[in-house]
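model.cif, holding mmCIF, C-alpha atoms:
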data_coords
#
loop_
_atom_site.label_atom_id
_atom_site.label_comp_id
_atom_site.auth_asym_id
_atom_site.auth_seq_id
_atom_site.Cartn_x
_atom_site.Cartn_y
_atom_site.Cartn_z
CA MET R 16 0.00 0.00 0.00
CA SER R 17 1.38 3.34 -0.97
CA THR R 18 0.93 6.52 0.99
CA PRO R 19 -0.20 9.54 -0.99
CA SER R 20 2.35 12.27 -1.32
CA LEU R 21 2.03 14.97 1.25
CA ASP R 22 2.57 17.58 -1.38
CA ALA R 23 -0.30 16.19 -3.42
CA ALA R 24 -2.62 16.31 -0.45
CA ARG R 25 -1.74 19.95 0.34
CA PRO R 26 -4.05 22.49 -1.31
CA GLN R 27 -2.64 24.59 -4.08
CA GLY R 28 -1.08 27.78 -2.85
CA ALA R 29 -0.78 26.54 0.71
CA VAL R 30 2.44 27.31 2.49
CA ARG R 31 4.09 24.75 4.67
CA THR R 32 4.00 25.95 8.22
CA PRO R 33 6.87 24.70 10.31
CA ARG R 34 4.87 24.92 13.51
CA LYS R 35 2.05 22.73 12.15
CA ARG R 36 4.49 20.23 10.64
CA HIS R 37 6.31 19.81 13.89
CA ALA R 38 3.07 19.31 15.75
CA ALA R 39 1.92 16.61 13.29
CA VAL R 40 5.18 14.73 13.50
CA ALA R 41 5.01 14.78 17.24
CA MET R 42 1.45 13.38 17.21
CA THR R 43 2.37 10.59 14.73
CA LEU R 44 5.35 9.44 16.74
CA THR R 45 3.31 9.41 19.91
CA ALA R 46 0.61 7.23 18.36
CA ALA R 47 3.11 4.79 16.88
CA LEU R 48 4.83 4.33 20.20
CA ALA R 49 1.48 3.49 21.75
CA GLY R 50 1.24 0.41 19.44
CA GLY R 51 -1.57 1.59 17.17
CA THR R 52 -1.68 2.36 13.46
CA LEU R 53 -2.25 6.01 12.51
CA VAL R 54 -3.37 6.79 9.01
CA ALA R 55 -3.39 10.41 8.08
CA GLY R 56 -6.12 11.33 5.73
CA ALA R 57 -5.32 13.55 2.85
CA GLY R 58 -6.54 17.04 3.42
CA SER R 59 -6.85 16.54 7.21
CA ALA R 60 -5.72 19.65 9.10
CA ALA R 61 -4.43 17.61 12.09
CA ALA R 62 -2.27 15.26 9.94
CA ASP R 63 -1.21 17.63 7.20
CA ASP R 64 2.42 16.50 7.24
CA ALA R 65 2.04 13.22 9.26
CA LEU R 66 3.97 10.07 8.28
CA THR R 67 2.33 6.57 7.84
CA THR R 68 3.83 3.74 9.81
CA THR R 69 2.88 0.03 9.57
CA THR R 70 1.78 -1.83 12.65
CA ASP R 71 4.53 -4.43 12.44
CA GLU R 72 7.27 -1.78 12.61
CA THR R 73 8.73 -0.52 15.86
CA VAL R 74 10.26 2.94 15.68
CA ALA R 75 13.49 3.28 17.56
CA GLY R 76 15.45 6.32 16.59
CA ASP R 77 16.18 5.95 12.82
CA THR R 78 15.87 2.05 12.68
CA THR R 79 12.88 -0.39 12.17
CA SER R 80 12.36 -4.10 13.02
CA ALA R 81 11.68 -5.10 9.37
CA GLY R 82 14.94 -3.81 8.09
CA THR R 83 17.73 -1.43 8.85
CA THR R 84 17.67 1.76 6.88
CA THR R 85 20.10 4.61 7.05
CA THR R 86 18.37 7.92 6.95
CA ASP R 87 19.98 10.89 5.30
CA ALA R 88 18.67 14.26 4.43
CA THR R 89 17.05 13.20 1.08
CA ASP R 90 15.70 9.59 1.11
CA THR R 91 14.25 6.92 3.42
CA SER R 92 13.37 3.26 2.35
CA VAL R 93 11.83 0.30 4.13
CA SER R 94 12.13 -3.49 3.46
CA ASP R 95 8.98 -3.80 1.40
CA GLY R 96 10.16 -1.22 -1.07
CA THR R 97 7.53 1.34 -0.18
CA ALA R 98 8.91 4.84 0.05
CA THR R 99 7.80 7.07 2.91
CA PRO R 100 8.67 10.70 3.52
CA THR R 101 11.44 11.26 5.90
CA PRO R 102 10.47 13.51 8.79
CA GLU R 103 12.52 16.63 9.11
CA PRO R 104 14.46 17.07 12.33
CA VAL R 105 12.59 18.81 15.08
CA VAL R 106 13.87 22.35 15.41
CA GLU R 107 13.35 24.22 18.67
CA ASP R 108 10.71 26.79 18.21
CA THR R 109 12.14 30.24 18.69
CA ALA R 110 9.26 32.12 17.10
CA SER R 111 7.22 34.52 19.11
CA PRO R 112 3.83 33.33 20.43
CA GLU R 113 0.88 33.97 18.14
CA PRO R 114 -1.43 36.79 19.16
CA THR R 115 -4.74 35.85 20.76
CA THR R 116 -8.01 37.58 20.02
CA THR R 117 -10.30 38.11 22.99
CA THR R 118 -14.08 38.35 23.04
CA ASP R 119 -14.07 42.14 23.08
CA GLY R 120 -12.11 42.33 19.84
CA THR R 121 -8.75 43.25 21.34
CA THR R 122 -5.61 41.37 20.51
CA THR R 123 -3.05 40.39 23.14
CA THR R 124 0.33 38.79 22.69
CA PRO R 125 1.44 36.49 25.51
CA THR R 126 4.98 36.92 26.73
CA GLU R 127 7.09 34.20 28.13
CA GLU R 128 9.22 35.08 31.16
CA PRO R 129 12.72 33.60 31.06
CA ALA R 130 13.31 30.97 33.68
CA ALA R 131 15.70 31.98 36.40
CA GLU R 132 19.01 30.22 36.09
CA ASP R 133 19.62 27.97 39.01
CA THR R 134 23.33 28.02 39.90
CA GLY R 135 22.89 25.77 42.89
CA THR R 136 24.44 28.27 45.36
CA ALA R 137 22.74 30.71 47.77
CA THR R 138 22.99 34.43 46.92
CA GLU R 139 24.55 36.58 49.71
CA GLU R 140 23.07 39.96 50.56
CA PRO R 141 25.53 42.86 49.79
CA VAL R 142 27.07 44.56 52.85
CA VAL R 143 26.11 48.24 52.97
CA VAL R 144 28.82 50.47 54.53
CA SER R 145 27.70 53.88 55.74
CA THR R 146 29.58 56.82 54.22
CA THR R 147 28.37 59.29 56.88
CA PRO R 148 30.26 59.15 60.22
CA ASP R 149 28.48 59.34 63.54
CA VAL R 150 29.23 62.75 65.07
CA SER R 151 28.00 64.11 68.40
CA VAL R 152 28.75 67.54 69.91
CA SER R 153 28.10 68.27 73.57
CA LYS R 154 28.84 71.49 75.46
CA SER R 155 29.28 72.05 79.17
CA ARG R 156 27.21 75.24 79.29
CA SER R 157 24.47 76.95 77.33
CA THR R 158 25.41 80.33 78.80
CA GLY R 159 28.66 81.95 79.86
CA ARG R 160 29.79 85.18 81.52
CA LYS R 161 32.66 87.06 79.99
CA GLY R 162 35.58 87.84 82.26
CA GLN R 163 35.16 84.76 84.42
CA GLY R 164 37.17 81.89 83.00
CA HIS R 165 35.39 79.13 84.89
CA THR R 166 32.12 79.87 83.09
CA ARG R 167 33.50 79.35 79.56
CA PRO R 168 31.66 76.62 77.61
CA ARG R 169 33.64 73.50 76.68
CA TYR R 170 32.76 71.51 73.56
CA THR R 171 33.31 67.75 73.32
CA VAL R 172 33.23 66.29 69.81
CA ARG R 173 33.00 62.53 69.29
CA ALA R 174 33.34 61.18 65.73
CA THR R 175 33.33 57.50 64.71
CA ALA R 176 32.48 55.44 61.62
CA ASP R 177 30.83 52.08 62.33
CA GLY R 178 32.19 52.34 65.87
CA GLU R 179 35.79 52.94 64.76
CA ALA R 180 37.90 56.11 64.83
CA PHE R 181 39.07 57.57 61.54
CA ALA R 182 41.58 60.14 60.31
CA GLY R 183 40.58 63.72 59.66
CA ARG R 184 40.21 67.17 61.20
CA VAL R 185 37.63 69.04 63.26
CA ARG R 186 37.09 72.79 62.80
CA LEU R 187 35.31 75.03 65.32
CA TYR R 188 33.61 78.26 64.21
CA VAL R 189 32.21 80.96 66.52
CA GLN R 190 30.01 83.57 64.83
CA GLY R 191 31.31 82.43 61.44
CA THR R 192 34.99 82.83 62.38
CA LYS R 193 37.24 79.80 62.54
CA VAL R 194 38.80 79.77 66.00
CA ALA R 195 40.35 76.30 66.30
CA VAL R 196 41.37 73.25 64.24
CA LYS R 197 42.33 69.88 65.71
CA SER R 198 43.23 66.49 64.23
CA LEU R 199 41.20 63.37 64.89
CA ASP R 200 43.21 60.73 66.67
CA GLY R 201 42.94 58.25 69.51
CA ASP R 202 39.33 57.31 70.21
CA GLY R 203 37.88 60.08 68.03
CA THR R 204 37.17 62.49 70.92
CA ILE R 205 38.29 66.14 70.82
CA HIS R 206 37.79 68.96 73.33
CA PHE R 207 37.55 72.70 72.59
CA ARG R 208 37.46 75.57 75.11
CA PRO R 209 37.92 78.87 73.25
CA GLY R 210 38.58 82.08 75.16
CA PHE R 211 35.94 84.74 75.63
CA SER R 212 37.70 87.02 73.15
CA HIS R 213 36.14 84.91 70.36
CA TYR R 214 32.56 85.46 71.58
CA ASP R 215 30.21 88.42 71.33
CA VAL R 216 27.93 89.49 74.14
CA GLY R 217 24.55 87.91 73.48
CA ARG R 218 23.70 84.97 71.22
CA ASN R 219 26.55 83.20 69.45
CA GLY R 220 26.22 80.62 66.67
CA ILE R 221 28.62 77.68 67.04
CA ARG R 222 29.47 75.46 64.06
CA VAL R 223 31.51 72.25 64.30
CA VAL R 224 32.72 70.73 61.02
CA VAL R 225 34.13 67.17 60.98
CA ALA R 226 36.14 66.66 57.77
CA PRO R 227 37.32 63.03 57.34
CA ALA R 228 40.47 62.39 55.33
CA ALA R 229 39.96 61.69 51.61
CA SER R 230 41.31 58.15 52.00
CA THR R 231 38.48 57.20 54.37
CA GLY R 232 35.75 57.78 51.76
CA LEU R 233 33.51 59.37 54.39
CA GLU R 234 31.38 62.45 54.01
CA GLN R 235 31.84 65.75 55.85
CA VAL R 236 29.46 66.36 58.77
CA THR R 237 28.42 69.72 60.22
CA LYS R 238 26.80 70.29 63.63
CA HIS R 239 25.36 73.54 64.99
CA ARG R 240 25.01 74.77 68.56
CA ARG R 241 24.14 78.05 70.30
CA VAL R 242 25.75 79.77 73.27
CA TRP R 243 24.49 82.84 75.07
CA ILE R 244 27.23 85.06 76.54
CA LYS R 245 26.31 87.48 79.31
CA PRO R 246 28.40 90.55 80.10
CA LYS R 247 30.24 90.84 83.36
CA ALA R 248 28.12 92.59 86.01
CA THR R 249 30.39 95.65 86.33
CA THR R 250 33.24 97.06 84.32
CA ASN R 251 36.78 96.95 85.61
CA MET R 252 37.92 100.37 86.81
CA TYR R 253 41.40 101.27 88.00
CA VAL R 254 42.04 104.49 89.95
CA SER R 255 45.51 105.71 90.86
CA LYS R 256 46.46 109.00 92.50
CA SER R 257 49.80 110.74 92.67
CA ARG R 258 49.60 111.74 96.37
CA HIS R 259 47.92 110.62 99.58
CA THR R 260 48.48 114.00 101.20
CA ALA R 261 48.38 117.56 99.92
CA THR R 262 49.16 121.00 101.24
CA LYS R 263 46.81 123.84 100.39
CA GLY R 264 48.32 126.74 98.54
CA LYS R 265 50.96 124.67 96.71
CA TRP R 266 49.79 123.59 93.30
CA HIS R 267 52.53 121.00 92.88
CA THR R 268 51.24 119.06 95.87
CA ARG R 269 47.75 118.53 94.42
CA PRO R 270 46.84 114.86 93.87
CA LYS R 271 46.31 113.72 90.27
CA TYR R 272 43.83 110.90 89.61
CA THR R 273 44.19 108.56 86.64
CA VAL R 274 41.09 106.45 85.91
CA LYS R 275 41.04 103.53 83.45
CA LEU R 276 37.90 101.73 82.34
CA ARG R 277 38.36 98.23 80.94
CA LYS R 278 36.10 95.47 79.66
CA TRP R 279 37.94 92.15 79.49
CA GLY R 280 41.17 94.01 78.81
CA GLU R 281 39.67 96.31 76.17
CA PRO R 282 38.94 100.07 76.56
CA VAL R 283 35.46 101.12 77.61
CA GLN R 284 33.83 104.28 76.31
CA GLY R 285 31.75 106.32 78.73
CA ARG R 286 31.99 108.99 81.42
CA VAL R 287 33.74 109.27 84.78
CA ARG R 288 32.51 111.39 87.69
CA LEU R 289 34.72 112.64 90.54
CA PHE R 290 33.28 113.40 93.99
CA ILE R 291 35.21 115.01 96.89
CA SER R 292 33.58 114.78 100.33
CA GLY R 293 30.21 114.10 98.66
CA ASP R 294 30.37 117.00 96.19
CA LYS R 295 30.63 116.34 92.44
CA VAL R 296 33.57 118.37 91.25
CA ALA R 297 34.25 117.04 87.72
CA VAL R 298 32.82 114.89 84.90
CA LYS R 299 34.87 113.79 81.89
CA LYS R 300 34.55 111.46 78.91
CA THR R 301 37.00 108.63 78.45
CA ASN R 302 39.41 108.88 75.54
CA LYS R 303 39.86 106.13 72.95
CA TYR R 304 42.01 104.22 75.43
CA GLY R 305 39.33 104.37 78.13
CA VAL R 306 41.44 106.75 80.27
CA VAL R 307 40.47 109.93 82.19
CA ARG R 308 42.70 112.21 84.30
CA PHE R 309 41.60 114.61 87.05
CA ARG R 310 43.60 117.22 88.99
CA PRO R 311 41.15 119.37 90.98
CA GLY R 312 42.36 122.50 92.72
CA LEU R 313 43.03 122.51 96.45
CA GLY R 314 40.04 124.81 96.89
CA LYS R 315 37.82 121.74 96.28
CA TYR R 316 39.25 119.98 99.34
CA ASP R 317 38.64 120.50 103.02
CA LEU R 318 41.50 120.64 105.51
CA GLY R 319 42.11 117.25 106.99
CA LYS R 320 40.72 113.97 105.59
CA ASN R 321 38.80 113.96 102.34
CA ARG R 322 36.84 111.01 100.92
CA ILE R 323 37.24 110.69 97.16
CA ARG R 324 34.61 108.80 95.12
CA VAL R 325 35.12 107.93 91.45
CA VAL R 326 32.16 106.59 89.43
CA GLY R 327 32.66 105.06 85.99
CA VAL R 328 29.53 105.05 83.82
CA PRO R 329 30.02 102.99 80.62
CA ALA R 330 28.14 103.99 77.49
CA ARG R 331 24.84 102.21 76.99
CA ALA R 332 26.21 100.37 73.98
CA GLU R 333 28.77 98.64 76.17
CA GLY R 334 26.05 96.77 78.04
CA LEU R 335 27.86 97.12 81.39
CA LYS R 336 26.92 98.46 84.79
CA LYS R 337 28.65 101.41 86.42
CA SER R 338 31.53 100.89 88.80
CA THR R 339 32.53 102.87 91.89
CA LYS R 340 35.92 103.22 93.60
CA TYR R 341 36.90 105.07 96.80
CA ARG R 342 40.12 106.80 97.80
CA LYS R 343 41.28 109.05 100.70
CA VAL R 344 43.37 112.20 100.63
CA HIS R 345 44.65 114.18 103.63
CA VAL R 346 44.97 117.90 102.95
CA LYS R 347 47.17 120.05 105.12
CA PRO R 348 46.91 123.84 105.39
CA LYS R 349 49.41 126.08 103.74
CA MET R 350 52.67 126.04 105.70
CA THR R 351 53.91 129.31 107.22
CA ARG R 352 57.56 130.22 107.56
CA GLY R 353 57.49 129.16 111.18
CA GLN R 354 55.88 125.79 110.33
CA LYS R 355 58.62 125.13 107.82
CA VAL R 356 61.26 125.88 110.47
CA VAL R 357 59.62 123.48 112.94
CA ARG R 358 59.34 120.72 110.32
CA VAL R 359 63.06 120.95 109.52
CA ALA R 360 63.93 121.10 113.23
CA HIS R 361 62.09 117.82 113.82
CA ASN R 362 64.42 116.05 111.41
CA TYR R 363 67.45 116.56 113.70
CA ILE R 364 66.04 115.49 117.01
CA GLY R 365 68.49 113.03 118.58
CA HIS R 366 71.68 114.55 117.17
CA ARG R 367 74.49 115.04 119.65
CA TYR R 368 75.53 118.27 121.39
CA SER R 369 78.93 119.73 120.47
CA TRP R 370 80.43 123.00 121.69
CA GLY R 371 80.75 125.30 118.66
CA GLY R 372 79.08 122.67 116.39
CA THR R 373 77.03 123.97 113.44
CA SER R 374 76.16 120.86 111.38
CA PRO R 375 74.74 117.35 111.77
CA ALA R 376 78.19 115.93 111.03
CA THR R 377 79.92 117.77 113.87
CA GLY R 378 76.97 118.11 116.24
CA PHE R 379 75.24 121.31 117.40
CA ASP R 380 75.44 123.79 120.19
CA CYS R 381 72.32 125.87 120.89
CA SER R 382 72.99 128.80 118.53
CA GLY R 383 74.64 126.56 115.93
CA PHE R 384 71.41 124.47 115.81
CA THR R 385 69.04 127.46 115.33
CA SER R 386 71.22 129.08 112.66
CA TYR R 387 71.48 125.80 110.72
CA VAL R 388 67.69 125.13 110.79
CA TYR R 389 66.71 128.66 109.71
CA LYS R 390 69.12 128.60 106.83
CA LYS R 391 67.86 125.23 105.62
CA ALA R 392 64.14 125.88 106.13
CA ILE R 393 63.62 129.45 104.88
CA GLY R 394 67.09 130.52 103.72
CA LYS R 395 67.52 132.99 106.56
CA THR R 396 71.09 133.53 107.89
CA LEU R 397 71.33 134.19 111.62
CA PRO R 398 74.27 135.51 113.64
CA ARG R 399 76.49 132.92 115.23
CA SER R 400 75.87 133.72 118.96
CA SER R 401 72.60 133.43 120.89
CA SER R 402 72.69 137.03 122.14
CA ALA R 403 73.15 138.34 118.58
CA GLN R 404 70.19 136.27 117.38
CA ALA R 405 68.03 137.60 120.20
CA SER R 406 68.67 141.15 119.01
CA LEU R 407 67.00 140.43 115.61
CA GLY R 408 63.34 140.49 114.69
CA THR R 409 60.35 141.44 116.81
CA ARG R 410 59.66 140.46 120.38
CA VAL R 411 56.20 138.94 121.04
CA SER R 412 54.33 137.83 124.10
CA ARG R 413 54.11 134.23 125.13
CA SER R 414 50.41 134.11 124.40
CA ASN R 415 50.98 135.33 120.81
CA ALA R 416 53.94 133.09 120.13
CA ARG R 417 53.81 130.94 116.95
CA GLN R 418 55.66 127.92 115.67
CA GLY R 419 59.19 128.85 114.52
CA ASP R 420 59.69 131.79 116.88
CA LEU R 421 62.99 131.89 118.79
CA VAL R 422 62.90 131.22 122.55
CA TYR R 423 65.74 133.08 124.30
CA SER R 424 67.09 133.11 127.85
CA PRO R 425 70.48 134.50 128.80
CA GLY R 426 73.16 132.17 127.42
CA HIS R 427 70.72 129.84 125.62
CA ILE R 428 68.37 129.85 122.61
CA GLY R 429 65.92 127.38 120.98
CA ILE R 430 62.93 127.10 118.53
CA TYR R 431 59.28 127.27 119.64
CA ALA R 432 57.30 124.14 118.45
CA GLY R 433 53.86 125.25 119.70
CA ASN R 434 51.74 124.11 122.62
CA GLY R 435 54.39 125.29 125.15
CA ARG R 436 57.13 123.04 123.73
CA ILE R 437 60.61 123.82 122.51
CA ILE R 438 63.15 122.11 120.17
CA GLU R 439 66.73 122.81 121.25
CA SER R 440 70.28 121.45 121.41
CA ALA R 441 70.33 121.30 125.23
CA ARG R 442 73.70 120.25 126.61
CA PRO R 443 76.35 117.51 126.36
CA GLY R 444 74.85 114.06 126.91
CA VAL R 445 71.37 115.26 125.92
CA GLY R 446 71.76 116.65 122.41
CA VAL R 447 68.80 117.90 120.32
CA VAL R 448 65.46 117.29 122.05
CA LYS R 449 61.82 118.39 121.98
CA ARG R 450 60.36 119.15 125.38
CA GLN R 451 58.33 121.58 127.47
CA ILE R 452 59.75 125.09 127.90
CA TRP R 453 61.76 124.91 131.06
CA GLN R 454 62.73 128.63 131.35
CA SER R 455 60.70 130.67 133.82
CA SER R 456 60.53 133.90 131.77
CA PRO R 457 61.93 133.36 128.26
CA ARG R 458 61.84 135.97 125.48
CA PHE R 459 59.93 135.13 122.29
CA ILE R 460 61.39 136.61 119.10
CA ARG R 461 59.77 136.44 115.64
CA ILE R 462 62.24 136.57 112.77
#
Take the structure I supplied and represent it as structure tokens, if you would.
Amino acid sequence: MSTPSLDAARPQGAVRTPRKRHAAVAMTLTAALAGGTLVAGAGSAAADDALTTTTDETVAGDTTSAGTTTTDATDTSVSDGTATPTPEPVVEDTASPEPTTTTDGTTTTPTEEPAAEDTGTATEEPVVVSTTPDVSVSKSRSTGRKGQGHTRPRYTVRATADGEAFAGRVRLYVQGTKVAVKSLDGDGTIHFRPGFSHYDVGRNGIRVVVAPAASTGLEQVTKHRRVWIKPKATTNMYVSKSRHTATKGKWHTRPKYTVKLRKWGEPVQGRVRLFISGDKVAVKKTNKYGVVRFRPGLGKYDLGKNRIRVVGVPARAEGLKKSTKYRKVHVKPKMTRGQKVVRVAHNYIGHRYSWGGTSPATGFDCSGFTSYVYKKAIGKTLPRSSSAQASLGTRVSRSNARQGDLVYSPGHIGIYAGNGRIIESARPGVGVVKRQIWQSSPRFIRI
């Protein structure tokens, strides 16, 4: 029995479809292996390119039980001499799936997802390393007071990456000005304690920048803090005066006051007031160095002790309170000629007595002592003997006697010190002394 040619059974103009041919071959082989006989009818759509196989043949690869036939690309023969078409090799279908038309008239094309390749080994999750270091900034105080070092804020910066220290630098800025730079080392902890000269009174913006080294691959981190700086309660004021005592009537003995106003070592602008015994006697502005000088006339003082009060009033812009200082000045009255003589005479009390002596080096006798003191105190030259000195000047009563008058008794002369006392070079073994007038009726002479 001969099998009709497949080409003869195909309608004219039909094109062989590889997909249909492959499907028919697969169906024919499956039926033959099941032990049945499959006859493809000519013109059947399901067996368009199917092959006919006899029931007594067993298909095993390219061999049959009736005879061994070598199959090449062009011809296939069996033992009974009947020629059958040789099936083409099955080629893996790489064509795209045919589109499918749905009930609503739309066309969809199914897509096949590629199967995941199974390598047989578990996939490890990638380790993510942070590029931003952990930075913390703590400060000891939120406020500080200028001028008192123990109230300065201290900043502690801790910088680590995954718990480990790294190389780099830390910069500290106060009010936008870089005030300190330190290198990261050790455990990644750095301390800053800038001086108050870097701060402004009031609110200050603090910026801490941690800059890791380029080799670390870490990012730069910036932290911000705020610090409020309060001014010191009062300004520093320094008052110096040239003299603790003064003598009225002598301009060169007037005290001179020098006042300096300072704020943390810097000049303070403002005004300074000077009070003497409760009376305001002068007000001046400070110069650019914060300095003021006063030298009031002796007419502003009272005789005796005077209380001096100096008040520094800083300008409002300085933000400081006023400061007050106190001083004392003792003002003596103008010295008369006699007072000058007594003051010089006091300087030689205790010197020895010497007959004919006229100087501290040789000692004094009575007239030598008076002539030396008068010459030194007021420039007056007296005669050498006591009787000649007694003949000079004007004689006064005891009740009208003043300091510096001569006290004469026959053969002896001295200097009146006031309050019934006399300064004299008495005798050998006694020398120059100050004591009560011992003469019964001395003569008082004013030179």
Selection result of the PyMOL selection byres ((chain R and resi 446) around 9) on this file, as a ChimeraX atom specification: /R:364-369,378-380,439-445,447-448
In Å to one decimal, how far is atom CA of Ala180 of chain R from atom CA of Phe207 of chain R?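 Computed distance, atom CA of Phe207 of chain R to atom CA of Ala180 of chain R, equals 18.3 Å.
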Of R:Trp370, R:Phe211, R:Phe309, R:Tyr363, the one sitting nearest Lys278 of chain R when using all atoms listed in the file is R:Phe211
What does the structure give for the distance between atom CA of Arg410 of chain R and atom CA of Gly372 of chain R, in Å to one decimal?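 According to the coordinates, atom CA of Arg410 of chain R and atom CA of Gly372 of chain R are separated by 26.6 Å.
Residues matched by the PyMOL selection byres ((chain R and resi 400) around 12) in this file are Trp370, Gly371, Gly372, Thr373, Asp380, Cys381, Ser382, Gly383, Phe384, Thr385, Ser386, Leu397, Pro398, Arg399, Ser401, Ser402, Ala403, Gln404, Ala405, Ser406, Leu407, Tyr423, Pro425, Gly426, His427, Ile428 and Gly429 of chain R.
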Choose the residue, out of R:Ser455, R:Thr171, R:Gln235, R:Thr192, that has the smallest atom-to-atom separation from Asp149 of chain R; count only C-alpha atoms.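 For Asp149 of chain R, the nearest of the given residues is R:Gln235.
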For Val216 of chain R, which residue out of R:Val296, R:Val236, R:Ile393, R:Ile244 is the nearest one, using only C-alpha atoms? R:Ile244
Which residue gives the smallest distance to Val307 of chain R among R:Val325, R:Gly334, R:Thr273, R:Gln284, with all atoms listed in the file counted?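 Closest to Val307 of chain R of all the choices is R:Thr273.
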Interatomic distance between atom CA of Thr250 of chain R and atom CA of Pro329 of chain R?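 Distance reported for this atom pair: 7.7 Å.
When the PyMOL selection byres ((chain R and resi 291) around 9) is run on the displayed coordinates, the residues it returns are R:Leu289, R:Phe290, R:Ser292, R:Gly293, R:Asp294, R:Lys295, R:Val296, R:Lys315, R:Tyr316, R:Asp317, R:Asn321, R:Arg322, R:Ile323, R:Arg324, R:Val325.
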Near-segment 432-434 of chain R list (10 Å; only C-alpha atoms; drop same-chain fewer than 5 positions) as JSON, numbers by chain: {"R": [353, 354, 356, 357, 358, 360, 361, 416, 417, 418, 419, 420, 421, 422, 439, 449, 450, 451, 452]}
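Neighbours of Glu234 of chain R closer than or equal to 8 Å, with only C-alpha atoms counted and sequence neighbours fewer than 2 positions away skipped, come out as Thr146, Thr147, Pro148, Ala226, Pro227, Gly232 and Val236 of chain R.
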Pick out the closest residue to Val359 of chain R from this set: R:Lys391, R:Arg218, R:Arg342, R:Arg208. Count all atoms listed in the file.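 Answer, going by the shortest atom-to-atom distance: R:Lys391.
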Enclose the full set of atoms of segment 196-211 of chain R listed in the file within a box whose edges lie along x, y and z, apply 3 Å of padding to each of the six sides, and report centre and edge lengths in Å to one decimal as AutoDock Vina command-line options.
--center_x 39.6 --center_y 71.0 --center_z 69.9 --size_x 13.3 --size_y 33.4 --size_z 17.4
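Shortest separation to Ala174 of chain R among R:Lys349, R:His206, R:Arg156, R:Lys265 occurs at residue R:His206, atoms counted being all atoms listed in the file.
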